[in-house]
file coords12.txt (compact mmCIF, N, CA, C and O atoms)
# COMPACT_ATOMS: atom_id res chain seq x y z
N MET A 242 29.70 162.37 55.52
CA MET A 242 28.89 163.33 54.82
C MET A 242 28.13 164.17 55.83
O MET A 242 27.51 163.66 56.75
N ILE A 243 28.15 165.44 55.65
CA ILE A 243 27.46 166.37 56.54
C ILE A 243 26.02 166.52 56.05
O ILE A 243 25.80 166.77 54.86
N PRO A 244 25.02 166.36 56.95
CA PRO A 244 23.62 166.53 56.52
C PRO A 244 23.42 167.91 55.91
O PRO A 244 23.92 168.91 56.41
N GLY A 245 22.70 167.94 54.80
CA GLY A 245 22.43 169.21 54.15
C GLY A 245 23.58 169.69 53.28
O GLY A 245 23.50 170.73 52.66
N GLY A 246 24.69 168.94 53.27
CA GLY A 246 25.82 169.28 52.40
C GLY A 246 26.63 170.47 52.88
O GLY A 246 27.51 170.92 52.19
N GLY A 247 26.37 170.98 54.08
CA GLY A 247 27.10 172.14 54.58
C GLY A 247 28.40 171.76 55.26
O GLY A 247 28.76 170.60 55.35
N GLN A 248 29.08 172.77 55.70
CA GLN A 248 30.33 172.57 56.43
C GLN A 248 30.02 172.18 57.88
O GLN A 248 28.99 172.55 58.41
N PRO A 249 30.93 171.44 58.53
CA PRO A 249 30.71 171.12 59.93
C PRO A 249 30.69 172.41 60.75
O PRO A 249 31.34 173.39 60.40
N ASN A 250 29.94 172.39 61.81
CA ASN A 250 29.84 173.55 62.69
C ASN A 250 31.16 173.68 63.44
O ASN A 250 31.46 172.91 64.36
N MET A 251 31.97 174.65 63.03
CA MET A 251 33.31 174.81 63.61
C MET A 251 33.23 175.14 65.09
O MET A 251 34.06 174.68 65.87
N GLN A 252 32.25 175.92 65.49
CA GLN A 252 32.12 176.27 66.90
C GLN A 252 31.87 175.00 67.72
O GLN A 252 32.46 174.82 68.78
N GLN A 253 31.01 174.13 67.21
CA GLN A 253 30.70 172.89 67.91
C GLN A 253 31.94 171.99 67.97
O GLN A 253 32.24 171.39 69.01
N LEU A 254 32.69 171.91 66.88
CA LEU A 254 33.91 171.11 66.86
C LEU A 254 34.94 171.65 67.85
O LEU A 254 35.59 170.88 68.56
N LEU A 255 35.07 172.96 67.90
CA LEU A 255 36.02 173.56 68.84
C LEU A 255 35.60 173.29 70.28
O LEU A 255 36.45 173.02 71.14
N GLN A 256 34.30 173.35 70.55
CA GLN A 256 33.82 173.07 71.90
C GLN A 256 34.09 171.62 72.27
O GLN A 256 34.50 171.34 73.39
N GLN A 257 33.86 170.70 71.34
CA GLN A 257 34.13 169.29 71.59
C GLN A 257 35.62 169.08 71.87
O GLN A 257 35.99 168.36 72.79
N ALA A 258 36.45 169.69 71.06
CA ALA A 258 37.90 169.54 71.24
C ALA A 258 38.34 170.13 72.57
O ALA A 258 39.18 169.54 73.27
N GLN A 259 37.79 171.27 72.94
CA GLN A 259 38.16 171.89 74.21
C GLN A 259 37.72 171.02 75.39
O GLN A 259 38.45 170.85 76.35
N LYS A 260 36.53 170.43 75.30
CA LYS A 260 36.05 169.55 76.37
C LYS A 260 36.94 168.32 76.49
O LYS A 260 37.30 167.91 77.59
N MET A 261 37.32 167.75 75.36
CA MET A 261 38.21 166.59 75.38
C MET A 261 39.55 166.95 75.99
O MET A 261 40.13 166.18 76.75
N GLN A 262 40.04 168.13 75.67
CA GLN A 262 41.32 168.59 76.23
C GLN A 262 41.20 168.75 77.74
O GLN A 262 42.09 168.35 78.49
N GLN A 263 40.08 169.29 78.21
CA GLN A 263 39.86 169.45 79.65
C GLN A 263 39.74 168.08 80.31
O GLN A 263 40.29 167.86 81.39
N ASP A 264 39.02 167.16 79.68
CA ASP A 264 38.87 165.81 80.22
C ASP A 264 40.22 165.11 80.30
O ASP A 264 40.52 164.43 81.28
N LEU A 265 41.04 165.29 79.27
CA LEU A 265 42.36 164.68 79.25
C LEU A 265 43.23 165.25 80.36
O LEU A 265 43.90 164.52 81.08
N ALA A 266 43.21 166.57 80.54
CA ALA A 266 43.99 167.21 81.60
C ALA A 266 43.53 166.72 82.97
O ALA A 266 44.35 166.44 83.85
N ALA A 267 42.22 166.57 83.15
CA ALA A 267 41.69 166.08 84.43
C ALA A 267 42.13 164.64 84.67
O ALA A 267 42.53 164.29 85.80
N ALA A 268 42.08 163.82 83.64
CA ALA A 268 42.50 162.42 83.78
C ALA A 268 43.99 162.33 84.10
O ALA A 268 44.41 161.52 84.93
N GLN A 269 44.79 163.17 83.44
CA GLN A 269 46.23 163.18 83.71
C GLN A 269 46.51 163.61 85.15
O GLN A 269 47.41 163.06 85.80
N GLN A 270 45.75 164.57 85.65
CA GLN A 270 45.93 165.00 87.04
C GLN A 270 45.54 163.89 88.00
O GLN A 270 46.21 163.66 89.00
N GLU A 271 44.44 163.19 87.69
CA GLU A 271 44.03 162.05 88.52
C GLU A 271 45.13 161.00 88.56
O GLU A 271 45.41 160.43 89.62
N LEU A 272 45.77 160.74 87.42
CA LEU A 272 46.86 159.77 87.38
C LEU A 272 48.06 160.24 88.21
O LEU A 272 48.68 159.45 88.92
N ALA A 273 48.37 161.52 88.12
CA ALA A 273 49.50 162.05 88.89
C ALA A 273 49.23 161.94 90.39
O ALA A 273 50.14 161.73 91.19
N ASP A 274 47.95 162.08 90.80
CA ASP A 274 47.58 162.02 92.21
C ASP A 274 47.37 160.59 92.71
O ASP A 274 47.47 160.34 93.91
N ALA A 275 47.06 159.68 91.80
CA ALA A 275 46.78 158.29 92.20
C ALA A 275 48.06 157.59 92.63
O ALA A 275 49.15 157.90 92.15
N VAL A 276 47.93 156.65 93.55
CA VAL A 276 49.07 155.88 94.02
C VAL A 276 48.73 154.40 93.88
O VAL A 276 47.65 153.96 94.27
N VAL A 277 49.64 153.64 93.27
CA VAL A 277 49.48 152.20 93.14
C VAL A 277 50.72 151.52 93.70
O VAL A 277 51.79 152.13 93.79
N GLU A 278 50.56 150.26 94.07
CA GLU A 278 51.65 149.54 94.71
C GLU A 278 51.93 148.26 93.96
O GLU A 278 51.02 147.63 93.41
N GLY A 279 53.18 147.88 93.96
CA GLY A 279 53.59 146.60 93.42
C GLY A 279 54.47 145.92 94.45
O GLY A 279 55.04 146.58 95.32
N SER A 280 54.59 144.60 94.35
CA SER A 280 55.42 143.89 95.33
C SER A 280 56.11 142.72 94.68
O SER A 280 55.76 142.29 93.58
N ALA A 281 57.11 142.19 95.39
CA ALA A 281 57.85 141.03 94.93
C ALA A 281 58.31 140.24 96.16
O ALA A 281 58.37 140.78 97.27
N GLY A 282 58.62 138.99 95.92
CA GLY A 282 59.13 138.16 97.01
C GLY A 282 58.10 137.93 98.10
O GLY A 282 58.44 137.91 99.27
N GLY A 283 56.84 137.81 97.70
CA GLY A 283 55.80 137.59 98.70
C GLY A 283 55.62 138.77 99.62
O GLY A 283 55.25 138.61 100.79
N GLY A 284 55.90 139.96 99.12
CA GLY A 284 55.72 141.17 99.92
C GLY A 284 57.00 141.63 100.63
O GLY A 284 56.96 142.60 101.39
N LEU A 285 58.12 140.97 100.37
CA LEU A 285 59.38 141.39 100.99
C LEU A 285 59.82 142.76 100.50
O LEU A 285 60.46 143.51 101.23
N VAL A 286 59.49 143.06 99.25
CA VAL A 286 59.82 144.37 98.67
C VAL A 286 58.54 144.94 98.08
O VAL A 286 57.84 144.27 97.32
N LYS A 287 58.24 146.19 98.46
CA LYS A 287 57.05 146.86 97.94
C LYS A 287 57.46 148.20 97.35
O LYS A 287 58.22 148.95 97.96
N ALA A 288 56.94 148.47 96.16
CA ALA A 288 57.21 149.74 95.48
C ALA A 288 55.89 150.48 95.33
O ALA A 288 54.86 149.89 95.02
N THR A 289 55.94 151.79 95.54
CA THR A 289 54.77 152.64 95.36
C THR A 289 55.08 153.62 94.24
O THR A 289 56.13 154.28 94.26
N VAL A 290 54.17 153.71 93.27
CA VAL A 290 54.33 154.65 92.16
C VAL A 290 53.03 155.41 91.98
O VAL A 290 51.97 154.97 92.41
N THR A 291 53.14 156.57 91.33
CA THR A 291 51.94 157.31 90.97
C THR A 291 51.31 156.63 89.75
O THR A 291 51.95 155.81 89.09
N GLY A 292 50.09 157.02 89.46
CA GLY A 292 49.43 156.49 88.28
C GLY A 292 50.15 156.87 87.00
O GLY A 292 49.99 156.24 85.97
N ALA A 293 50.99 157.91 87.08
CA ALA A 293 51.78 158.33 85.93
C ALA A 293 53.11 157.58 85.85
O ALA A 293 53.89 157.80 84.93
N GLY A 294 53.39 156.70 86.84
CA GLY A 294 54.60 155.89 86.79
C GLY A 294 55.79 156.44 87.56
O GLY A 294 56.88 155.88 87.48
N GLU A 295 55.61 157.50 88.34
CA GLU A 295 56.72 158.07 89.11
C GLU A 295 56.89 157.29 90.41
O GLU A 295 55.95 157.15 91.19
N LEU A 296 58.10 156.77 90.63
CA LEU A 296 58.40 156.02 91.84
C LEU A 296 58.34 156.95 93.04
O LEU A 296 59.02 157.97 93.09
N LYS A 297 57.50 156.60 94.03
CA LYS A 297 57.32 157.45 95.21
C LYS A 297 57.86 156.82 96.48
O LYS A 297 58.19 157.52 97.42
N GLY A 298 57.91 155.51 96.53
CA GLY A 298 58.37 154.86 97.75
C GLY A 298 58.81 153.44 97.49
O GLY A 298 58.40 152.79 96.54
N LEU A 299 59.68 152.97 98.39
CA LEU A 299 60.21 151.62 98.31
C LEU A 299 60.39 151.12 99.73
O LEU A 299 61.05 151.77 100.54
N VAL A 300 59.76 149.99 100.03
CA VAL A 300 59.87 149.40 101.36
C VAL A 300 60.51 148.03 101.21
O VAL A 300 60.04 147.19 100.43
N ILE A 301 61.59 147.81 101.98
CA ILE A 301 62.30 146.54 101.92
C ILE A 301 62.26 145.91 103.31
O ILE A 301 62.74 146.49 104.28
N ASP A 302 61.67 144.73 103.38
CA ASP A 302 61.62 143.99 104.64
C ASP A 302 63.05 143.57 104.99
O ASP A 302 63.80 143.10 104.13
N PRO A 303 63.45 143.73 106.25
CA PRO A 303 64.82 143.34 106.64
C PRO A 303 65.15 141.88 106.31
O PRO A 303 66.32 141.55 106.08
N LYS A 304 64.15 141.03 106.23
CA LYS A 304 64.40 139.62 105.88
C LYS A 304 64.93 139.48 104.46
O LYS A 304 65.55 138.47 104.13
N ALA A 305 64.70 140.48 103.63
CA ALA A 305 65.15 140.41 102.24
C ALA A 305 66.62 140.84 102.10
O ALA A 305 67.21 140.67 101.04
N VAL A 306 67.19 141.37 103.16
CA VAL A 306 68.54 141.91 103.09
C VAL A 306 69.55 140.86 103.54
O VAL A 306 69.58 140.47 104.70
N ASP A 307 70.35 140.42 102.59
CA ASP A 307 71.44 139.48 102.87
C ASP A 307 72.70 140.09 102.28
O ASP A 307 72.84 140.15 101.05
N PRO A 308 73.63 140.56 103.13
CA PRO A 308 74.84 141.20 102.60
C PRO A 308 75.63 140.30 101.65
O PRO A 308 76.38 140.79 100.80
N GLU A 309 75.45 139.00 101.76
CA GLU A 309 76.16 138.06 100.89
C GLU A 309 75.46 137.90 99.53
O GLU A 309 76.03 137.31 98.62
N ASP A 310 74.22 138.38 99.43
CA ASP A 310 73.44 138.15 98.20
C ASP A 310 72.66 139.41 97.83
O ASP A 310 71.44 139.45 97.89
N THR A 311 73.38 140.44 97.42
CA THR A 311 72.71 141.69 97.04
C THR A 311 72.01 141.58 95.68
O THR A 311 71.11 142.34 95.39
N GLU A 312 72.43 140.60 94.87
CA GLU A 312 71.81 140.44 93.56
C GLU A 312 70.33 140.06 93.69
O GLU A 312 69.49 140.57 92.94
N THR A 313 70.02 139.20 94.62
CA THR A 313 68.62 138.80 94.81
C THR A 313 67.80 140.00 95.27
O THR A 313 66.67 140.20 94.79
N LEU A 314 68.35 140.79 96.16
CA LEU A 314 67.64 141.99 96.62
C LEU A 314 67.41 142.94 95.45
O LEU A 314 66.30 143.47 95.29
N ALA A 315 68.42 143.13 94.62
CA ALA A 315 68.26 144.01 93.45
C ALA A 315 67.17 143.47 92.52
O ALA A 315 66.36 144.23 92.00
N ASP A 316 67.15 142.15 92.33
CA ASP A 316 66.11 141.54 91.49
C ASP A 316 64.72 141.76 92.08
O ASP A 316 63.76 142.03 91.35
N LEU A 317 64.60 141.64 93.40
CA LEU A 317 63.31 141.86 94.07
C LEU A 317 62.86 143.31 93.91
O LEU A 317 61.68 143.58 93.68
N VAL A 318 63.80 144.24 94.03
CA VAL A 318 63.47 145.66 93.87
C VAL A 318 62.98 145.91 92.44
O VAL A 318 61.95 146.56 92.23
N LEU A 319 63.70 145.41 91.46
CA LEU A 319 63.29 145.58 90.07
C LEU A 319 61.91 144.97 89.83
O LEU A 319 61.07 145.58 89.17
N ALA A 320 61.69 143.78 90.36
CA ALA A 320 60.40 143.11 90.15
C ALA A 320 59.27 143.91 90.80
O ALA A 320 58.18 144.05 90.21
N ALA A 321 59.50 144.46 91.98
CA ALA A 321 58.46 145.24 92.66
C ALA A 321 58.15 146.52 91.88
O ALA A 321 56.99 146.90 91.73
N VAL A 322 59.18 147.19 91.38
CA VAL A 322 58.97 148.42 90.61
C VAL A 322 58.24 148.10 89.30
O VAL A 322 57.32 148.81 88.91
N ARG A 323 58.63 147.02 88.66
CA ARG A 323 57.94 146.62 87.42
C ARG A 323 56.47 146.30 87.69
O ARG A 323 55.59 146.64 86.91
N ASP A 324 56.22 145.61 88.82
CA ASP A 324 54.85 145.27 89.18
C ASP A 324 54.03 146.54 89.42
O ASP A 324 52.89 146.65 88.97
N ALA A 325 54.61 147.49 90.12
CA ALA A 325 53.91 148.76 90.38
C ALA A 325 53.68 149.52 89.08
O ALA A 325 52.60 150.08 88.86
N ASN A 326 54.68 149.55 88.20
CA ASN A 326 54.51 150.23 86.91
C ASN A 326 53.45 149.56 86.05
O ASN A 326 52.72 150.24 85.33
N SER A 327 53.35 148.25 86.13
CA SER A 327 52.31 147.54 85.40
C SER A 327 50.93 147.97 85.91
O SER A 327 50.01 148.20 85.12
N ALA A 328 50.81 148.09 87.23
CA ALA A 328 49.54 148.55 87.81
C ALA A 328 49.25 149.99 87.37
O ALA A 328 48.10 150.34 87.09
N ALA A 329 50.29 150.81 87.28
CA ALA A 329 50.11 152.20 86.83
C ALA A 329 49.65 152.23 85.38
O ALA A 329 48.79 153.03 85.00
N GLN A 330 50.21 151.36 84.54
CA GLN A 330 49.81 151.32 83.13
C GLN A 330 48.35 150.88 82.99
O GLN A 330 47.63 151.40 82.14
N GLN A 331 47.93 149.93 83.80
CA GLN A 331 46.53 149.51 83.77
C GLN A 331 45.62 150.67 84.16
O GLN A 331 44.58 150.89 83.54
N LEU A 332 46.04 151.43 85.16
CA LEU A 332 45.26 152.59 85.59
C LEU A 332 45.21 153.64 84.47
O LEU A 332 44.18 154.24 84.22
N GLN A 333 46.34 153.82 83.78
CA GLN A 333 46.36 154.77 82.66
C GLN A 333 45.39 154.35 81.58
O GLN A 333 44.67 155.18 81.01
N GLN A 334 45.34 153.06 81.27
CA GLN A 334 44.40 152.56 80.26
C GLN A 334 42.96 152.83 80.67
O GLN A 334 42.13 153.22 79.85
N GLN A 335 42.68 152.64 81.96
CA GLN A 335 41.32 152.87 82.45
C GLN A 335 40.94 154.34 82.33
O GLN A 335 39.83 154.69 81.97
N LYS A 336 41.89 155.23 82.68
CA LYS A 336 41.59 156.66 82.70
C LYS A 336 41.66 157.31 81.33
O LYS A 336 40.86 158.18 81.00
N LEU A 337 42.66 156.92 80.54
CA LEU A 337 42.90 157.61 79.27
C LEU A 337 42.33 156.87 78.07
O LEU A 337 42.07 157.50 77.04
N GLY A 338 42.11 155.57 78.18
CA GLY A 338 41.59 154.79 77.06
C GLY A 338 40.30 155.35 76.48
O GLY A 338 40.20 155.57 75.27
N PRO A 339 39.29 155.60 77.32
CA PRO A 339 38.04 156.15 76.78
C PRO A 339 38.22 157.52 76.11
O PRO A 339 37.53 157.83 75.15
N LEU A 340 39.16 158.31 76.60
CA LEU A 340 39.39 159.62 75.99
C LEU A 340 40.00 159.47 74.61
O LEU A 340 39.64 160.18 73.68
N ALA A 341 40.92 158.52 74.45
CA ALA A 341 41.54 158.30 73.14
C ALA A 341 40.51 157.79 72.15
O ALA A 341 40.51 158.19 70.99
N GLN A 342 39.58 156.94 72.60
CA GLN A 342 38.52 156.46 71.72
C GLN A 342 37.60 157.60 71.31
O GLN A 342 37.13 157.66 70.19
N GLY A 343 37.37 158.53 72.21
CA GLY A 343 36.50 159.67 71.93
C GLY A 343 37.06 160.58 70.86
O GLY A 343 36.31 161.23 70.13
N LEU A 344 38.38 160.63 70.73
CA LEU A 344 38.98 161.48 69.70
C LEU A 344 38.63 161.00 68.30
O LEU A 344 38.60 161.78 67.37
N GLY A 345 38.35 159.70 68.17
CA GLY A 345 37.99 159.16 66.86
C GLY A 345 36.64 159.68 66.37
O GLY A 345 36.33 159.58 65.20
N GLY A 346 35.85 160.27 67.27
CA GLY A 346 34.54 160.78 66.87
C GLY A 346 34.57 162.17 66.29
O GLY A 346 33.55 162.67 65.81
N LEU A 347 35.72 162.83 66.31
CA LEU A 347 35.80 164.17 65.74
C LEU A 347 36.12 164.10 64.25
O LEU A 347 37.11 163.50 63.86
N PRO A 348 35.29 164.72 63.42
CA PRO A 348 35.58 164.73 61.99
C PRO A 348 36.93 165.41 61.72
O PRO A 348 37.27 166.40 62.37
N GLY A 349 37.68 164.84 60.82
CA GLY A 349 38.96 165.44 60.44
C GLY A 349 40.10 165.02 61.34
O GLY A 349 41.24 165.37 61.09
N MET A 350 39.83 164.23 62.39
CA MET A 350 40.91 163.76 63.25
C MET A 350 41.45 162.46 62.68
O MET A 350 40.68 161.60 62.25
N PRO A 351 42.76 162.28 62.69
CA PRO A 351 43.36 161.11 62.05
C PRO A 351 43.30 159.84 62.87
O PRO A 351 43.90 158.87 62.51
N PHE A 352 42.61 159.80 64.00
CA PHE A 352 42.62 158.61 64.85
C PHE A 352 41.54 157.65 64.43
O PHE A 352 40.45 157.98 64.19
call {"tool": "encode", "arguments": {"input": "coords12.txt", "output": "structure tokens"}}
result
Amino acid sequence: MIPGGGQPNMQQLLQQAQKMQQDLAAAQQELADAVVEGSAGGGLVKATVTGAGELKGLVIDPKAVDPEDTETLADLVLAAVRDANSAAQQLQQQKLGPLAQGLGGLPGMPF
């Protein structure tokens, strides 16, 4: 219910929405610029991803390379990338979670 029974101040709502959009864009840029790392095999394989989940680097310790057992190396690479992506998702929750909660405060928004 709007105090006084009037309509919501559209200018104020638009300003709130614009600020949230700017905050969201800034958070997304921070995620794109952020770098997180994941590892597997006790650090034998390390993957670096952006906060947005883009794979940027992969380091494989020569001790992890066995020409007779490439399956284990592939598993280590997958595990390191998954670990890095998990860290990126946690970072996304930290950066974007509060913004998503803030959208619930706008009247007429379905969140």
call {"tool": "closest_residue", "arguments": {"input": "coords12.txt", "among": "A:Ser280, A:Gln256, A:Ser327, A:Gln333", "to": "A:Ala268", "atoms": "all atoms listed in the file"}}
result
A:Gln333
call {"tool": "residues_around", "arguments": {"input": "coords12.txt", "residues": "A:Thr289", "least_positions_apart": "5", "cutoff": "6 Å", "atoms": "only N, CA, C and O atoms", "output": "MDAnalysis selection string"}}
result
chainID A and resid 277:279 295:299
call {"tool": "atom_distance", "arguments": {"input": "coords12.txt", "atom1": "atom N of A:Gly338", "atom2": "atom C of A:Ala273"}}
result
15.5 Å
call {"tool": "closest_residue", "arguments": {"input": "coords12.txt", "among": "A:Val300, A:Val322, A:Leu337, A:Val286", "to": "A:Leu265", "atoms": "only N, CA, C and O atoms"}}
result
A:Leu337
call {"tool": "atom_distance", "arguments": {"input": "coords12.txt", "atom1": "atom CA of A:Pro308", "atom2": "atom C of A:Leu285"}}
result
15.2 Å
call {"tool": "closest_residue", "arguments": {"input": "coords12.txt", "among": "A:Met261, A:Ala325, A:Leu317, A:Leu340", "to": "A:Val290", "atoms": "all atoms listed in the file"}}
result
A:Ala325
call {"tool": "closest_residue", "arguments": {"input": "coords12.txt", "among": "A:Gln263, A:Gln257, A:Met251, A:Leu272", "to": "A:Gln335", "atoms": "only C-alpha atoms"}}
result
A:Leu272
call {"tool": "residues_around", "arguments": {"input": "coords12.txt", "residues": "stretch 328-332 of chain A", "least_positions_apart": "6", "cutoff": "6 Å", "atoms": "all atoms listed in the file", "output": "JSON, numbers by chain"}}
result
{"A": [278, 291, 292, 293, 294]}
call {"tool": "atom_distance", "arguments": {"input": "coords12.txt", "atom1": "atom CA of A:Ala321", "atom2": "atom CA of A:Ala288"}}
result
5.5 Å
call {"tool": "select_by_dssp", "arguments": {"input": "coords12.txt", "residues": "chain A", "states": "strand (DSSP E or B)", "output": "PyMOL selection string"}}
result
chain A and resi 276-281+286-291+296-301
call {"tool": "closest_residue", "arguments": {"input": "coords12.txt", "among": "A:Asn250, A:Ala320, A:Lys304, A:Pro339", "to": "A:Asp264", "atoms": "only C-alpha atoms"}}
result
A:Pro339
call {"tool": "select_by_dssp", "arguments": {"input": "coords12.txt", "residues": "chain A", "states": "helix (DSSP H, G or I)", "output": "VMD selection string"}}
result
chain A and resid 244 to 246 251 to 274 303 to 305 311 to 344
call {"tool": "closest_residue", "arguments": {"input": "coords12.txt", "among": "A:Ala275, A:Ile301, A:Leu254, A:Ala281", "to": "A:Asp316", "atoms": "only N, CA, C and O atoms"}}
result
A:Ala281
call {"tool": "decode", "arguments": {"input": "coords12.txt", "residues": "stretch 266-280 of chain A", "atoms": "N, CA and C atoms", "output": "CSV table (one decimal), in the first residue's frame"}}
result
chain,number,residue,atom,x,y,z
A,266,ALA,N,26.1,-4.0,-13.5
A,266,ALA,CA,27.1,-3.9,-14.5
A,266,ALA,C,28.5,-3.8,-13.8
A,267,ALA,N,28.6,-3.0,-12.8
A,267,ALA,CA,29.9,-2.9,-12.1
A,267,ALA,C,30.3,-4.2,-11.5
A,268,ALA,N,29.4,-4.9,-10.9
A,268,ALA,CA,29.7,-6.2,-10.3
A,268,ALA,C,30.1,-7.2,-11.3
A,269,GLN,N,29.4,-7.2,-12.5
A,269,GLN,CA,29.8,-8.1,-13.6
A,269,GLN,C,31.2,-7.8,-14.1
A,270,GLN,N,31.5,-6.5,-14.2
A,270,GLN,CA,32.9,-6.2,-14.6
A,270,GLN,C,33.9,-6.6,-13.6
A,271,GLU,N,33.6,-6.5,-12.3
A,271,GLU,CA,34.5,-7.0,-11.3
A,271,GLU,C,34.7,-8.5,-11.4
A,272,LEU,N,33.7,-9.2,-11.7
A,272,LEU,CA,33.8,-10.7,-11.9
A,272,LEU,C,34.6,-11.0,-13.1
A,273,ALA,N,34.4,-10.2,-14.2
A,273,ALA,CA,35.2,-10.5,-15.4
A,273,ALA,C,36.7,-10.2,-15.2
A,274,ASP,N,37.0,-9.2,-14.3
A,274,ASP,CA,38.4,-8.9,-14.0
A,274,ASP,C,39.0,-9.8,-12.9
A,275,ALA,N,38.2,-10.3,-12.1
A,275,ALA,CA,38.7,-11.1,-11.0
A,275,ALA,C,39.3,-12.5,-11.5
A,276,VAL,N,40.3,-13.0,-10.8
A,276,VAL,CA,40.9,-14.2,-11.2
A,276,VAL,C,40.9,-15.2,-9.9
A,277,VAL,N,40.4,-16.4,-10.1
A,277,VAL,CA,40.4,-17.4,-9.0
A,277,VAL,C,41.1,-18.6,-9.6
A,278,GLU,N,41.6,-19.4,-8.6
A,278,GLU,CA,42.4,-20.6,-9.0
A,278,GLU,C,41.8,-21.8,-8.3
A,279,GLY,N,41.9,-22.9,-9.0
A,279,GLY,CA,41.5,-24.2,-8.5
A,279,GLY,C,42.6,-25.2,-8.8
A,280,SER,N,42.7,-26.3,-8.0
A,280,SER,CA,43.8,-27.2,-8.2
A,280,SER,C,43.3,-28.6,-7.9
